[in-house]
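Colleague: File name coords-v7.cif; file contents mmCIF, C-alpha atoms and all ligand atoms; chains and numbers go by the auth columns; full text below.
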```
data_entry
#
loop_
_atom_site.group_PDB
_atom_site.id
_atom_site.type_symbol
_atom_site.label_atom_id
_atom_site.label_comp_id
_atom_site.label_asym_id
_atom_site.label_seq_id
_atom_site.Cartn_x
_atom_site.Cartn_y
_atom_site.Cartn_z
_atom_site.B_iso_or_equiv
_atom_site.auth_seq_id
_atom_site.auth_asym_id
ATOM 1 C CA MET A 1 -15.384 -67.150 45.637 0.00 1 A
ATOM 2 C CA GLU A 2 -13.212 -69.127 48.041 0.00 2 A
ATOM 3 C CA ASN A 3 -12.496 -72.804 47.780 0.00 3 A
ATOM 4 C CA ASN A 4 -15.753 -74.371 48.975 0.00 4 A
ATOM 5 C CA ASN A 5 -13.920 -77.293 50.594 0.00 5 A
ATOM 6 C CA CYS A 6 -12.382 -74.893 53.119 0.00 6 A
ATOM 7 C CA PHE A 7 -15.642 -73.184 54.016 0.00 7 A
ATOM 8 C CA LYS A 8 -16.747 -74.061 57.562 0.00 8 A
ATOM 9 C CA VAL A 9 -19.498 -72.869 59.871 0.00 9 A
ATOM 10 C CA ASP A 10 -19.055 -72.506 63.645 0.00 10 A
ATOM 11 C CA GLU A 11 -21.204 -73.167 66.729 0.00 11 A
ATOM 12 C CA ASN A 12 -23.392 -70.142 65.927 0.00 12 A
ATOM 13 C CA LEU A 13 -24.774 -71.854 62.845 0.00 13 A
ATOM 14 C CA ARG A 14 -25.731 -75.457 63.428 0.00 14 A
ATOM 15 C CA HIS A 15 -28.974 -75.931 61.523 0.00 15 A
ATOM 16 C CA ILE A 16 -30.244 -74.544 58.206 0.00 16 A
ATOM 17 C CA ALA A 17 -33.773 -75.184 56.934 0.00 17 A
ATOM 18 C CA PHE A 18 -34.668 -74.759 53.255 0.00 18 A
ATOM 19 C CA ILE A 19 -37.949 -73.946 51.537 0.00 19 A
ATOM 20 C CA MET A 20 -37.203 -75.295 48.068 0.00 20 A
ATOM 21 C CA ASP A 21 -39.386 -73.059 45.915 0.00 21 A
ATOM 22 C CA GLY A 22 -39.377 -72.383 42.191 0.00 22 A
ATOM 23 C CA ASN A 23 -39.152 -75.807 40.573 0.00 23 A
ATOM 24 C CA GLY A 24 -42.322 -75.201 38.545 0.00 24 A
ATOM 25 C CA ARG A 25 -41.228 -71.770 37.280 0.00 25 A
ATOM 26 C CA TRP A 26 -37.765 -73.085 36.446 0.00 26 A
ATOM 27 C CA ALA A 27 -39.304 -75.822 34.267 0.00 27 A
ATOM 28 C CA LYS A 28 -41.860 -73.517 32.637 0.00 28 A
ATOM 29 C CA MET A 29 -39.135 -71.020 31.663 0.00 29 A
ATOM 30 C CA ARG A 30 -37.485 -73.844 29.744 0.00 30 A
ATOM 31 C CA GLY A 31 -40.640 -75.153 28.088 0.00 31 A
ATOM 32 C CA MET A 32 -40.521 -78.227 30.321 0.00 32 A
ATOM 33 C CA SER A 33 -43.261 -79.757 32.479 0.00 33 A
ATOM 34 C CA ARG A 34 -43.437 -78.916 36.212 0.00 34 A
ATOM 35 C CA PRO A 35 -42.487 -82.495 37.209 0.00 35 A
ATOM 36 C CA GLU A 36 -39.240 -82.044 35.230 0.00 36 A
ATOM 37 C CA GLY A 37 -38.461 -79.124 37.535 0.00 37 A
ATOM 38 C CA HIS A 38 -38.961 -81.331 40.590 0.00 38 A
ATOM 39 C CA LYS A 39 -36.609 -83.950 39.123 0.00 39 A
ATOM 40 C CA VAL A 40 -33.833 -81.355 38.921 0.00 40 A
ATOM 41 C CA GLY A 41 -34.917 -80.087 42.359 0.00 41 A
ATOM 42 C CA VAL A 42 -34.167 -83.463 43.952 0.00 42 A
ATOM 43 C CA LYS A 43 -30.624 -83.463 42.537 0.00 43 A
ATOM 44 C CA VAL A 44 -30.069 -79.984 43.984 0.00 44 A
ATOM 45 C CA PHE A 45 -31.533 -81.127 47.327 0.00 45 A
ATOM 46 C CA GLU A 46 -29.047 -84.034 47.494 0.00 46 A
ATOM 47 C CA HIS A 47 -26.122 -81.828 46.539 0.00 47 A
ATOM 48 C CA ILE A 48 -26.957 -78.992 48.957 0.00 48 A
ATOM 49 C CA ALA A 49 -27.560 -81.442 51.825 0.00 49 A
ATOM 50 C CA ASN A 50 -24.090 -82.917 51.278 0.00 50 A
ATOM 51 C CA THR A 51 -22.513 -79.464 51.005 0.00 51 A
ATOM 52 C CA CYS A 52 -24.151 -78.402 54.289 0.00 52 A
ATOM 53 C CA PHE A 53 -22.680 -81.389 56.105 0.00 53 A
ATOM 54 C CA ASP A 54 -19.297 -80.764 54.452 0.00 54 A
ATOM 55 C CA PHE A 55 -19.491 -77.188 55.807 0.00 55 A
ATOM 56 C CA GLY A 56 -19.942 -78.623 59.302 0.00 56 A
ATOM 57 C CA LEU A 57 -23.674 -78.171 59.872 0.00 57 A
ATOM 58 C CA GLU A 58 -25.230 -80.543 62.386 0.00 58 A
ATOM 59 C CA ALA A 59 -28.761 -80.490 60.997 0.00 59 A
ATOM 60 C CA VAL A 60 -30.364 -79.645 57.665 0.00 60 A
ATOM 61 C CA THR A 61 -34.077 -79.568 56.933 0.00 61 A
ATOM 62 C CA PHE A 62 -35.872 -79.460 53.565 0.00 62 A
ATOM 63 C CA TYR A 63 -39.543 -78.700 52.897 0.00 63 A
ATOM 64 C CA ALA A 64 -40.475 -81.258 50.253 0.00 64 A
ATOM 65 C CA PHE A 65 -44.275 -81.558 50.472 0.00 65 A
ATOM 66 C CA SER A 66 -46.729 -79.575 52.558 0.00 66 A
ATOM 67 C CA THR A 67 -50.193 -80.580 53.756 0.00 67 A
ATOM 68 C CA GLU A 68 -51.476 -77.989 51.239 0.00 68 A
ATOM 69 C CA ASN A 69 -49.570 -79.522 48.298 0.00 69 A
ATOM 70 C CA TRP A 70 -52.257 -82.256 47.998 0.00 70 A
ATOM 71 C CA LYS A 71 -54.247 -79.573 46.076 0.00 71 A
ATOM 72 C CA ARG A 72 -51.793 -79.885 43.144 0.00 72 A
ATOM 73 C CA PRO A 73 -52.593 -81.886 39.994 0.00 73 A
ATOM 74 C CA PRO A 74 -52.462 -85.666 40.623 0.00 74 A
ATOM 75 C CA ALA A 75 -49.652 -86.157 38.067 0.00 75 A
ATOM 76 C CA GLU A 76 -47.434 -83.659 39.880 0.00 76 A
ATOM 77 C CA ILE A 77 -48.151 -85.230 43.283 0.00 77 A
ATOM 78 C CA LYS A 78 -47.349 -88.645 41.819 0.00 78 A
ATOM 79 C CA THR A 79 -44.026 -87.380 40.478 0.00 79 A
ATOM 80 C CA ILE A 80 -43.006 -85.903 43.842 0.00 80 A
ATOM 81 C CA MET A 81 -44.006 -89.104 45.714 0.00 81 A
ATOM 82 C CA ASN A 82 -42.129 -91.243 43.178 0.00 82 A
ATOM 83 C CA LEU A 83 -39.063 -89.040 43.534 0.00 83 A
ATOM 84 C CA LEU A 84 -39.229 -89.416 47.306 0.00 84 A
ATOM 85 C CA ALA A 85 -39.628 -93.205 47.034 0.00 85 A
ATOM 86 C CA ARG A 86 -36.724 -93.429 44.606 0.00 86 A
ATOM 87 C CA TYR A 87 -34.540 -91.277 46.858 0.00 87 A
ATOM 88 C CA LEU A 88 -35.346 -93.500 49.855 0.00 88 A
ATOM 89 C CA GLU A 89 -34.410 -96.583 47.813 0.00 89 A
ATOM 90 C CA VAL A 90 -31.000 -95.315 46.749 0.00 90 A
ATOM 91 C CA CYS A 91 -29.743 -92.958 49.466 0.00 91 A
ATOM 92 C CA GLY A 92 -29.418 -95.353 52.412 0.00 92 A
ATOM 93 C CA ASP A 93 -25.809 -96.453 51.933 0.00 93 A
ATOM 94 C CA ASP A 94 -24.625 -92.911 51.299 0.00 94 A
ATOM 95 C CA LEU A 95 -26.326 -91.581 54.449 0.00 95 A
ATOM 96 C CA VAL A 96 -24.781 -94.403 56.497 0.00 96 A
ATOM 97 C CA LYS A 97 -21.352 -93.685 54.979 0.00 97 A
ATOM 98 C CA ARG A 98 -21.759 -89.994 55.851 0.00 98 A
ATOM 99 C CA GLU A 99 -23.124 -90.885 59.316 0.00 99 A
ATOM 100 C CA VAL A 100 -26.311 -88.904 58.790 0.00 100 A
ATOM 101 C CA ARG A 101 -29.596 -89.595 60.512 0.00 101 A
ATOM 102 C CA PHE A 102 -32.632 -89.407 58.225 0.00 102 A
ATOM 103 C CA ARG A 103 -35.938 -88.251 59.637 0.00 103 A
ATOM 104 C CA VAL A 104 -39.271 -87.329 58.098 0.00 104 A
ATOM 105 C CA LEU A 105 -41.204 -84.432 59.616 0.00 105 A
ATOM 106 C CA GLY A 106 -44.924 -84.686 58.961 0.00 106 A
ATOM 107 C CA ASP A 107 -47.956 -86.916 59.142 0.00 107 A
ATOM 108 C CA LYS A 108 -46.686 -90.239 57.808 0.00 108 A
ATOM 109 C CA ASP A 109 -50.159 -91.791 58.205 0.00 109 A
ATOM 110 C CA GLY A 110 -51.280 -89.720 55.212 0.00 110 A
ATOM 111 C CA LEU A 111 -48.664 -91.336 52.935 0.00 111 A
ATOM 112 C CA ASN A 112 -49.039 -94.602 51.078 0.00 112 A
ATOM 113 C CA ASP A 113 -47.909 -97.836 52.785 0.00 113 A
ATOM 114 C CA ASN A 114 -44.950 -98.345 50.470 0.00 114 A
ATOM 115 C CA LEU A 115 -43.519 -94.875 51.095 0.00 115 A
ATOM 116 C CA ARG A 116 -44.176 -95.114 54.845 0.00 116 A
ATOM 117 C CA GLU A 117 -42.373 -98.456 55.088 0.00 117 A
ATOM 118 C CA LYS A 118 -39.361 -97.092 53.195 0.00 118 A
ATOM 119 C CA ILE A 119 -39.249 -94.043 55.486 0.00 119 A
ATOM 120 C CA ASN A 120 -39.547 -96.123 58.671 0.00 120 A
ATOM 121 C CA SER A 121 -36.831 -98.485 57.520 0.00 121 A
ATOM 122 C CA LEU A 122 -34.369 -95.674 56.702 0.00 122 A
ATOM 123 C CA GLU A 123 -35.191 -93.817 59.929 0.00 123 A
ATOM 124 C CA GLN A 124 -34.431 -96.964 61.936 0.00 124 A
ATOM 125 C CA ARG A 125 -31.263 -97.731 60.000 0.00 125 A
ATOM 126 C CA THR A 126 -29.805 -94.262 60.633 0.00 126 A
ATOM 127 C CA ALA A 127 -31.337 -93.465 64.064 0.00 127 A
ATOM 128 C CA HIS A 128 -28.012 -93.695 65.946 0.00 128 A
ATOM 129 C CA PHE A 129 -26.229 -90.944 63.975 0.00 129 A
ATOM 130 C CA ARG A 130 -25.904 -87.419 65.355 0.00 130 A
ATOM 131 C CA LYS A 131 -25.925 -85.323 62.172 0.00 131 A
ATOM 132 C CA THR A 132 -29.532 -85.025 60.994 0.00 132 A
ATOM 133 C CA LEU A 133 -31.246 -84.691 57.633 0.00 133 A
ATOM 134 C CA ASN A 134 -34.920 -83.809 58.109 0.00 134 A
ATOM 135 C CA VAL A 135 -37.253 -83.954 55.134 0.00 135 A
ATOM 136 C CA ALA A 136 -40.697 -82.421 55.691 0.00 136 A
ATOM 137 C CA ILE A 137 -43.321 -84.487 53.876 0.00 137 A
ATOM 138 C CA ASN A 138 -47.071 -84.059 54.335 0.00 138 A
ATOM 139 C CA TYR A 139 -45.970 -81.391 56.794 0.00 139 A
ATOM 140 C CA GLY A 140 -47.810 -78.372 58.176 0.00 140 A
ATOM 141 C CA GLY A 141 -46.504 -76.269 61.054 0.00 141 A
ATOM 142 C CA ARG A 142 -49.921 -75.651 62.603 0.00 142 A
ATOM 143 C CA ASP A 143 -50.860 -79.333 62.327 0.00 143 A
ATOM 144 C CA GLU A 144 -47.555 -80.224 63.959 0.00 144 A
ATOM 145 C CA ILE A 145 -48.261 -78.010 66.991 0.00 145 A
ATOM 146 C CA VAL A 146 -51.811 -79.363 67.357 0.00 146 A
ATOM 147 C CA HIS A 147 -50.510 -82.922 67.017 0.00 147 A
ATOM 148 C CA ALA A 148 -47.899 -82.271 69.715 0.00 148 A
ATOM 149 C CA CYS A 149 -50.491 -80.801 72.103 0.00 149 A
ATOM 150 C CA LYS A 150 -52.806 -83.797 71.592 0.00 150 A
ATOM 151 C CA LYS A 151 -49.891 -86.145 72.217 0.00 151 A
ATOM 152 C CA LEU A 152 -49.088 -84.462 75.542 0.00 152 A
ATOM 153 C CA VAL A 153 -52.757 -84.524 76.582 0.00 153 A
ATOM 154 C CA ASP A 154 -53.083 -88.223 75.647 0.00 154 A
ATOM 155 C CA GLU A 155 -49.974 -88.989 77.706 0.00 155 A
ATOM 156 C CA GLY A 156 -51.294 -86.931 80.634 0.00 156 A
ATOM 157 C CA ARG A 157 -48.274 -84.631 80.493 0.00 157 A
ATOM 158 C CA GLU A 158 -48.126 -80.915 81.203 0.00 158 A
ATOM 159 C CA ILE A 159 -48.214 -78.584 78.188 0.00 159 A
ATOM 160 C CA ASN A 160 -45.145 -76.413 78.578 0.00 160 A
ATOM 161 C CA LYS A 161 -42.447 -75.207 76.175 0.00 161 A
ATOM 162 C CA GLU A 162 -39.968 -77.993 76.905 0.00 162 A
ATOM 163 C CA ASN A 163 -42.510 -80.833 76.628 0.00 163 A
ATOM 164 C CA LEU A 164 -44.096 -79.319 73.544 0.00 164 A
ATOM 165 C CA SER A 165 -40.747 -78.916 71.752 0.00 165 A
ATOM 166 C CA LEU A 166 -39.963 -82.579 72.331 0.00 166 A
ATOM 167 C CA ALA A 167 -43.437 -83.656 71.158 0.00 167 A
ATOM 168 C CA LEU A 168 -42.974 -81.971 67.750 0.00 168 A
ATOM 169 C CA TYR A 169 -41.908 -84.022 64.718 0.00 169 A
ATOM 170 C CA THR A 170 -38.397 -82.597 65.178 0.00 170 A
ATOM 171 C CA GLU A 171 -38.217 -84.099 68.705 0.00 171 A
ATOM 172 C CA ASP A 172 -34.738 -83.419 70.108 0.00 172 A
ATOM 173 C CA CYS A 173 -33.337 -81.778 66.954 0.00 173 A
ATOM 174 C CA ILE A 174 -31.853 -78.317 67.526 0.00 174 A
ATOM 175 C CA ASP A 175 -33.942 -75.393 66.220 0.00 175 A
ATOM 176 C CA PRO A 176 -32.949 -73.897 62.845 0.00 176 A
ATOM 177 C CA ASP A 177 -30.629 -70.887 63.073 0.00 177 A
ATOM 178 C CA LEU A 178 -31.316 -69.924 59.479 0.00 178 A
ATOM 179 C CA VAL A 179 -34.272 -70.483 57.149 0.00 179 A
ATOM 180 C CA VAL A 180 -33.534 -70.047 53.441 0.00 180 A
ATOM 181 C CA ARG A 181 -36.354 -69.630 50.923 0.00 181 A
ATOM 182 C CA THR A 182 -35.683 -69.571 47.210 0.00 182 A
ATOM 183 C CA ALA A 183 -37.688 -68.141 44.287 0.00 183 A
ATOM 184 C CA GLY A 184 -38.617 -64.725 45.614 0.00 184 A
ATOM 185 C CA GLU A 185 -41.568 -65.327 47.937 0.00 185 A
ATOM 186 C CA LYS A 186 -41.028 -63.858 51.399 0.00 186 A
ATOM 187 C CA ARG A 187 -43.062 -65.993 53.754 0.00 187 A
ATOM 188 C CA LEU A 188 -42.766 -69.128 55.870 0.00 188 A
ATOM 189 C CA SER A 189 -45.768 -70.975 54.368 0.00 189 A
ATOM 190 C CA ASN A 190 -46.544 -72.977 57.517 0.00 190 A
ATOM 191 C CA PHE A 191 -42.962 -74.257 57.825 0.00 191 A
ATOM 192 C CA LEU A 192 -41.376 -74.898 61.255 0.00 192 A
ATOM 193 C CA LEU A 193 -43.586 -72.262 62.911 0.00 193 A
ATOM 194 C CA TRP A 194 -42.499 -73.208 66.433 0.00 194 A
ATOM 195 C CA GLN A 195 -38.900 -74.103 65.708 0.00 195 A
ATOM 196 C CA ALA A 196 -38.100 -71.041 63.562 0.00 196 A
ATOM 197 C CA SER A 197 -39.199 -68.546 66.232 0.00 197 A
ATOM 198 C CA TYR A 198 -35.697 -67.066 66.500 0.00 198 A
ATOM 199 C CA ALA A 199 -34.277 -68.165 63.150 0.00 199 A
ATOM 200 C CA GLU A 200 -32.794 -65.635 60.759 0.00 200 A
ATOM 201 C CA LEU A 201 -34.775 -65.573 57.510 0.00 201 A
ATOM 202 C CA TYR A 202 -32.998 -65.331 54.162 0.00 202 A
ATOM 203 C CA PHE A 203 -34.826 -64.889 50.874 0.00 203 A
ATOM 204 C CA THR A 204 -33.292 -65.149 47.432 0.00 204 A
ATOM 205 C CA ASP A 205 -34.771 -64.776 43.950 0.00 205 A
ATOM 206 C CA THR A 206 -32.746 -67.769 42.756 0.00 206 A
ATOM 207 C CA LEU A 207 -35.040 -70.636 41.759 0.00 207 A
ATOM 208 C CA TRP A 208 -34.380 -73.873 43.657 0.00 208 A
ATOM 209 C CA PRO A 209 -33.060 -75.843 40.640 0.00 209 A
ATOM 210 C CA ASP A 210 -30.440 -73.080 40.151 0.00 210 A
ATOM 211 C CA PHE A 211 -29.461 -72.916 43.861 0.00 211 A
ATOM 212 C CA SER A 212 -25.722 -73.611 44.093 0.00 212 A
ATOM 213 C CA ASP A 213 -22.952 -73.845 46.688 0.00 213 A
ATOM 214 C CA GLU A 214 -22.206 -70.190 45.938 0.00 214 A
ATOM 215 C CA ASP A 215 -25.816 -69.227 46.744 0.00 215 A
ATOM 216 C CA LEU A 216 -25.554 -71.195 49.977 0.00 216 A
ATOM 217 C CA ILE A 217 -22.355 -69.380 50.919 0.00 217 A
ATOM 218 C CA LEU A 218 -24.038 -66.020 50.241 0.00 218 A
ATOM 219 C CA ALA A 219 -26.860 -66.996 52.628 0.00 219 A
ATOM 220 C CA ILE A 220 -24.378 -68.108 55.289 0.00 220 A
ATOM 221 C CA LYS A 221 -22.339 -64.909 54.959 0.00 221 A
ATOM 222 C CA GLU A 222 -25.529 -62.863 55.361 0.00 222 A
ATOM 223 C CA PHE A 223 -26.375 -64.911 58.472 0.00 223 A
ATOM 224 C CA TYR A 224 -23.015 -64.001 60.031 0.00 224 A
ATOM 225 C CA ARG A 225 -23.665 -60.288 59.346 0.00 225 A
ATOM 226 C CA ARG A 226 -26.861 -60.405 61.412 0.00 226 A
ATOM 227 C CA ARG A 227 -26.884 -59.831 65.160 0.00 227 A
ATOM 228 C CA ARG A 228 -29.132 -62.228 67.001 0.00 228 A
ATOM 229 C CA ARG A 229 -30.497 -60.758 70.213 0.00 229 A
ATOM 230 C CA TYR A 230 -33.299 -63.194 71.196 0.00 230 A
ATOM 231 C CA GLY A 231 -35.272 -60.251 72.582 0.00 231 A
ATOM 232 C CA GLY A 232 -32.301 -58.912 74.602 0.00 232 A
ATOM 233 C CA LEU A 233 -30.093 -55.933 73.809 0.00 233 A
HETATM 234 C C1 LIG B . -41.789 -75.893 45.274 0.00 301 B
HETATM 235 O O1 LIG B . -41.684 -75.474 43.946 0.00 301 B
HETATM 236 C C2 LIG B . -41.400 -77.277 45.363 0.00 301 B
HETATM 237 C C3 LIG B . -42.201 -78.264 45.829 0.00 301 B
HETATM 238 C C4 LIG B . -43.567 -78.042 46.328 0.00 301 B
HETATM 239 C C5 LIG B . -41.759 -79.656 45.840 0.00 301 B
HETATM 240 C C6 LIG B . -40.310 -79.844 46.154 0.00 301 B
HETATM 241 C C7 LIG B . -40.026 -81.260 46.023 0.00 301 B
HETATM 242 C C8 LIG B . -38.886 -81.775 45.574 0.00 301 B
HETATM 243 C C9 LIG B . -37.701 -80.993 45.188 0.00 301 B
HETATM 244 C C10 LIG B . -38.793 -83.236 45.491 0.00 301 B
HETATM 245 C C11 LIG B . -38.702 -83.796 46.877 0.00 301 B
HETATM 246 C C12 LIG B . -37.942 -85.022 46.912 0.00 301 B
HETATM 247 C C13 LIG B . -36.977 -85.268 47.800 0.00 301 B
HETATM 248 C C14 LIG B . -36.262 -86.540 47.713 0.00 301 B
HETATM 249 C C15 LIG B . -36.617 -84.315 48.873 0.00 301 B
HETATM 250 P P1 LIG B . -43.003 -75.109 43.154 0.00 301 B
HETATM 251 O O2 LIG B . -43.448 -76.319 42.416 0.00 301 B
HETATM 252 O O3 LIG B . -44.027 -74.541 44.073 0.00 301 B
HETATM 253 O O4 LIG B . -42.450 -74.045 42.178 0.00 301 B
HETATM 254 P P2 LIG B . -43.220 -72.762 41.624 0.00 301 B
HETATM 255 O O5 LIG B . -43.474 -71.874 42.812 0.00 301 B
HETATM 256 O O6 LIG B . -42.257 -72.188 40.663 0.00 301 B
HETATM 257 O O7 LIG B . -44.479 -73.251 40.994 0.00 301 B
#
```
Would you kindly transcribe this structure into structure tokens?

Modeller:
Amino acid sequence: MENNNCFKVDENLRHIAFIMDGNGRWAKMRGMSRPEGHKVGVKVFEHIANTCFDFGLEAVTFYAFSTENWKRPPAEIKTIMNLLARYLEVCGDDLVKREVRFRVLGDKDGLNDNLREKINSLEQRTAHFRKTLNVAINYGGRDEIVHACKKLVDEGREINKENLSLALYTEDCIDPDLVVRTAGEKRLSNFLLWQASYAELYFTDTLWPDFSDEDLILAIKEFYRRRRRYGGL
């Protein structure tokens, strides 16, 4: 494998979105609790986000908590929310140093006040940067589209593709070129349904806690082997 520091993407690949699946299985295989898998998952999330920006990506999105994940056991939900809160507490300076904008995709009203305040504060602090790190929390793709439509109606604006795109949680962020899902499942699970319309989909059996720079490079190389036609020839 080549020296990762030299690996760079070009203008054809600007945004990768990740469905971080397999934390629970990874922990179970080691006789650990599911929350332990999420703890390792956060470390991998931080590392892969940094690697993506080092490779020259303009935007990176991670699916951290879906609207359906509230069905999980309370202890597991608590762990994920605590991990998010902890990340928000410690990551600010690093994101500013790396000139990365932080944005949450999802219904923030459904989160607790403490988490929401931390998110709002970090979003404001980093709002002027161009590179973007999106983290989907309490996110559902169908809810997002309905929310965007309601927003346009409330504002008395026409529902068309341009207005609707800008009314999504992603606002002016470029659409993902590539969606990567780990841990073997081959579906989108309500993730970026509008934005991923023309994205290349890449599935790997690697569990998220094992996902490495080398796995990322394999996904990127596969992306460059695909021919994107957007419905044309
Ligand atoms: C999917 O694995 C993973 C999740 C539902 C949660 C992912 C959350 C994190 C990595 C923490 C988020 C925190 C930050 C700061 C981004 P799974 O539990 O469904 O795994 P399984 O399919 O093996 O059960």

Colleague: Identify which of the residues A:Glu46, A:Asp175, A:Asp143, A:Asp94 lies closest to ligand LIG 301 (chain B), counting only C-alpha atoms and all ligand atoms when measuring atom-to-atom distances.

Modeller: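 Smallest separation from ligand LIG 301 (chain B) among the options: A:Glu46.
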
Colleague: So which residues touch region 65-70 of chain A within 8 Å, counting all atoms listed in the file, skipping near sequence neighbours fewer than 5 positions away, as a PyMOL selection string?

Modeller: chain A and resi 77+136-140

Colleague: Sort by chain and increasing residue number a table of all residues of region 160-179 of chain A within 12 Å of region 97-104 of chain A, each with its closest pair of atoms and their distance in Å to one decimal, counting only C-alpha atoms, and write it as a Markdown table.

Modeller:
```
| residue | atom | partner | partner_atom | distance |
| --- | --- | --- | --- | --- |
| A:Leu168 | CA | A:Val104 | CA | 11.6 |
| A:Tyr169 | CA | A:Val104 | CA | 7.9 |
| A:Thr170 | CA | A:Arg103 | CA | 8.3 |
| A:Glu171 | CA | A:Arg103 | CA | 10.2 |
| A:Asp172 | CA | A:Arg103 | CA | 11.6 |
| A:Cys173 | CA | A:Arg103 | CA | 10.1 |
```

Colleague: List the neighbours of region 205-221 of chain A out to 8 Å using all atoms listed in the file; skip same-chain residues closer than 6 positions along the sequence, and give me the result as a list in words.

Modeller: Met1, Asn4, Met20, Asp21, Gly22, Asn23, Arg25, Trp26, Gly37, Val40, Gly41, Val44, Ile48, Thr51, Val180, Thr182, Ala183, Gly184 and Glu185 of chain A

Colleague: Skip Leu152 (chain A) itself and residues of its chain fewer than 4 positions away, then list as a ChimeraX atom specification all residues within 12 Å of it, counting all atoms listed in the file.

Modeller: /A:145-148,156-168

Colleague: Those residues you just picked out, can you put them in a file as a PDB file, keeping the file's coordinate frame with C-alpha atoms?

Modeller:
```pdb
ATOM      1  CA  ILE A 145     -48.261 -78.010  66.991  1.00  0.00           C
ATOM      2  CA  VAL A 146     -51.811 -79.363  67.357  1.00  0.00           C
ATOM      3  CA  HIS A 147     -50.510 -82.922  67.017  1.00  0.00           C
ATOM      4  CA  ALA A 148     -47.899 -82.271  69.715  1.00  0.00           C
ATOM      5  CA  GLY A 156     -51.294 -86.931  80.634  1.00  0.00           C
ATOM      6  CA  ARG A 157     -48.274 -84.631  80.493  1.00  0.00           C
ATOM      7  CA  GLU A 158     -48.126 -80.915  81.203  1.00  0.00           C
ATOM      8  CA  ILE A 159     -48.214 -78.584  78.188  1.00  0.00           C
ATOM      9  CA  ASN A 160     -45.145 -76.413  78.578  1.00  0.00           C
ATOM     10  CA  LYS A 161     -42.447 -75.207  76.175  1.00  0.00           C
ATOM     11  CA  GLU A 162     -39.968 -77.993  76.905  1.00  0.00           C
ATOM     12  CA  ASN A 163     -42.510 -80.833  76.628  1.00  0.00           C
ATOM     13  CA  LEU A 164     -44.096 -79.319  73.544  1.00  0.00           C
ATOM     14  CA  SER A 165     -40.747 -78.916  71.752  1.00  0.00           C
ATOM     15  CA  LEU A 166     -39.963 -82.579  72.331  1.00  0.00           C
ATOM     16  CA  ALA A 167     -43.437 -83.656  71.158  1.00  0.00           C
ATOM     17  CA  LEU A 168     -42.974 -81.971  67.750  1.00  0.00           C
TER      18      LEU A 168
END
```

Colleague: Taking all atoms of ligand LIG 301 (chain B) that the file lists and extending 8 Å past them on each side, where is the centre of the axis-aligned box and how long are its edges? Answer in Å to one decimal, as JSON.

Modeller:
```
{"center_x": -40.4, "center_y": -79.2, "center_z": 44.8, "size_x": 24.2, "size_y": 30.7, "size_z": 24.2}
```

Colleague: What is the CA of Asp177 (chain A) to CA of Ala199 (chain A) distance in Å?

Modeller: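 Taking CA of Asp177 (chain A) as the start and CA of Ala199 (chain A) as the end point, the length is 4.6 Å.
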
Colleague: Name the closest residue to Gly110 (chain A) among the candidates A:Met81, A:Phe55, A:Phe62, A:Ala17; distances are taken between atoms, counting all atoms listed in the file.

Modeller: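 Ranked by minimum distance to Gly110 (chain A), first place goes to A:Met81.
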
Colleague: Mind checking which residues fall within 10 Å of region 125-132 of chain A, counting only C-alpha atoms, ignoring those fewer than 2 positions away in the same chain, and posting them as a short mmCIF file (atom, residue, chain, number, x, y, z; two decimals) with C-alpha atoms, in the coordinates of the input?

Modeller:
```
data_model
loop_
_atom_site.label_atom_id
_atom_site.label_comp_id
_atom_site.auth_asym_id
_atom_site.auth_seq_id
_atom_site.Cartn_x
_atom_site.Cartn_y
_atom_site.Cartn_z
CA ARG A 14 -25.73 -75.46 63.43
CA HIS A 15 -28.97 -75.93 61.52
CA PHE A 53 -22.68 -81.39 56.10
CA GLY A 56 -19.94 -78.62 59.30
CA LEU A 57 -23.67 -78.17 59.87
CA GLU A 58 -25.23 -80.54 62.39
CA ALA A 59 -28.76 -80.49 61.00
CA VAL A 60 -30.36 -79.64 57.66
CA THR A 61 -34.08 -79.57 56.93
CA GLY A 92 -29.42 -95.35 52.41
CA ASP A 93 -25.81 -96.45 51.93
CA LEU A 95 -26.33 -91.58 54.45
CA VAL A 96 -24.78 -94.40 56.50
CA ARG A 98 -21.76 -89.99 55.85
CA GLU A 99 -23.12 -90.88 59.32
CA VAL A 100 -26.31 -88.90 58.79
CA ARG A 101 -29.60 -89.60 60.51
CA PHE A 102 -32.63 -89.41 58.22
CA ARG A 103 -35.94 -88.25 59.64
CA ILE A 119 -39.25 -94.04 55.49
CA ASN A 120 -39.55 -96.12 58.67
CA SER A 121 -36.83 -98.48 57.52
CA LEU A 122 -34.37 -95.67 56.70
CA GLU A 123 -35.19 -93.82 59.93
CA ASN A 134 -34.92 -83.81 58.11
CA VAL A 135 -37.25 -83.95 55.13
CA CYS A 173 -33.34 -81.78 66.95
CA ILE A 174 -31.85 -78.32 67.53
#
```

Colleague: Can you work out the spacing between CA of Lys39 (chain A) and CA of Leu83 (chain A) in Å, to one decimal?

Modeller: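 Interatomic distance, CA of Lys39 (chain A) to CA of Leu83 (chain A): 7.2 Å.
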
Colleague: Restricting the calculation to only C-alpha atoms and all ligand atoms, which member of A:Arg116, A:Lys151, A:Lys8, A:Arg181 is positioned closest to ligand LIG 301 (chain B)?

Modeller: A:Arg181

Colleague: Restricting the calculation to all atoms listed in the file: of A:Lys108, A:His38, A:Arg227, A:Lys150, which residue gets closest to Ala64 (chain A)?

Modeller: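 So, comparing all the options, the nearest one is A:His38.
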
Colleague: Which residue, A:Tyr224, A:Phe191, A:Tyr63, A:Tyr230, has the smallest gap to ligand LIG 301 (chain B) when you use only C-alpha atoms and all ligand atoms?

Modeller: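 Ranking A:Tyr224, A:Phe191, A:Tyr63, A:Tyr230 by distance to ligand LIG 301 (chain B), first place goes to A:Tyr63.
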
Colleague: Please measure the separation of CA of Arg225 (chain A) and CA of Asn190 (chain A), giving the value in Å to one decimal.

Modeller: 26.2 Å
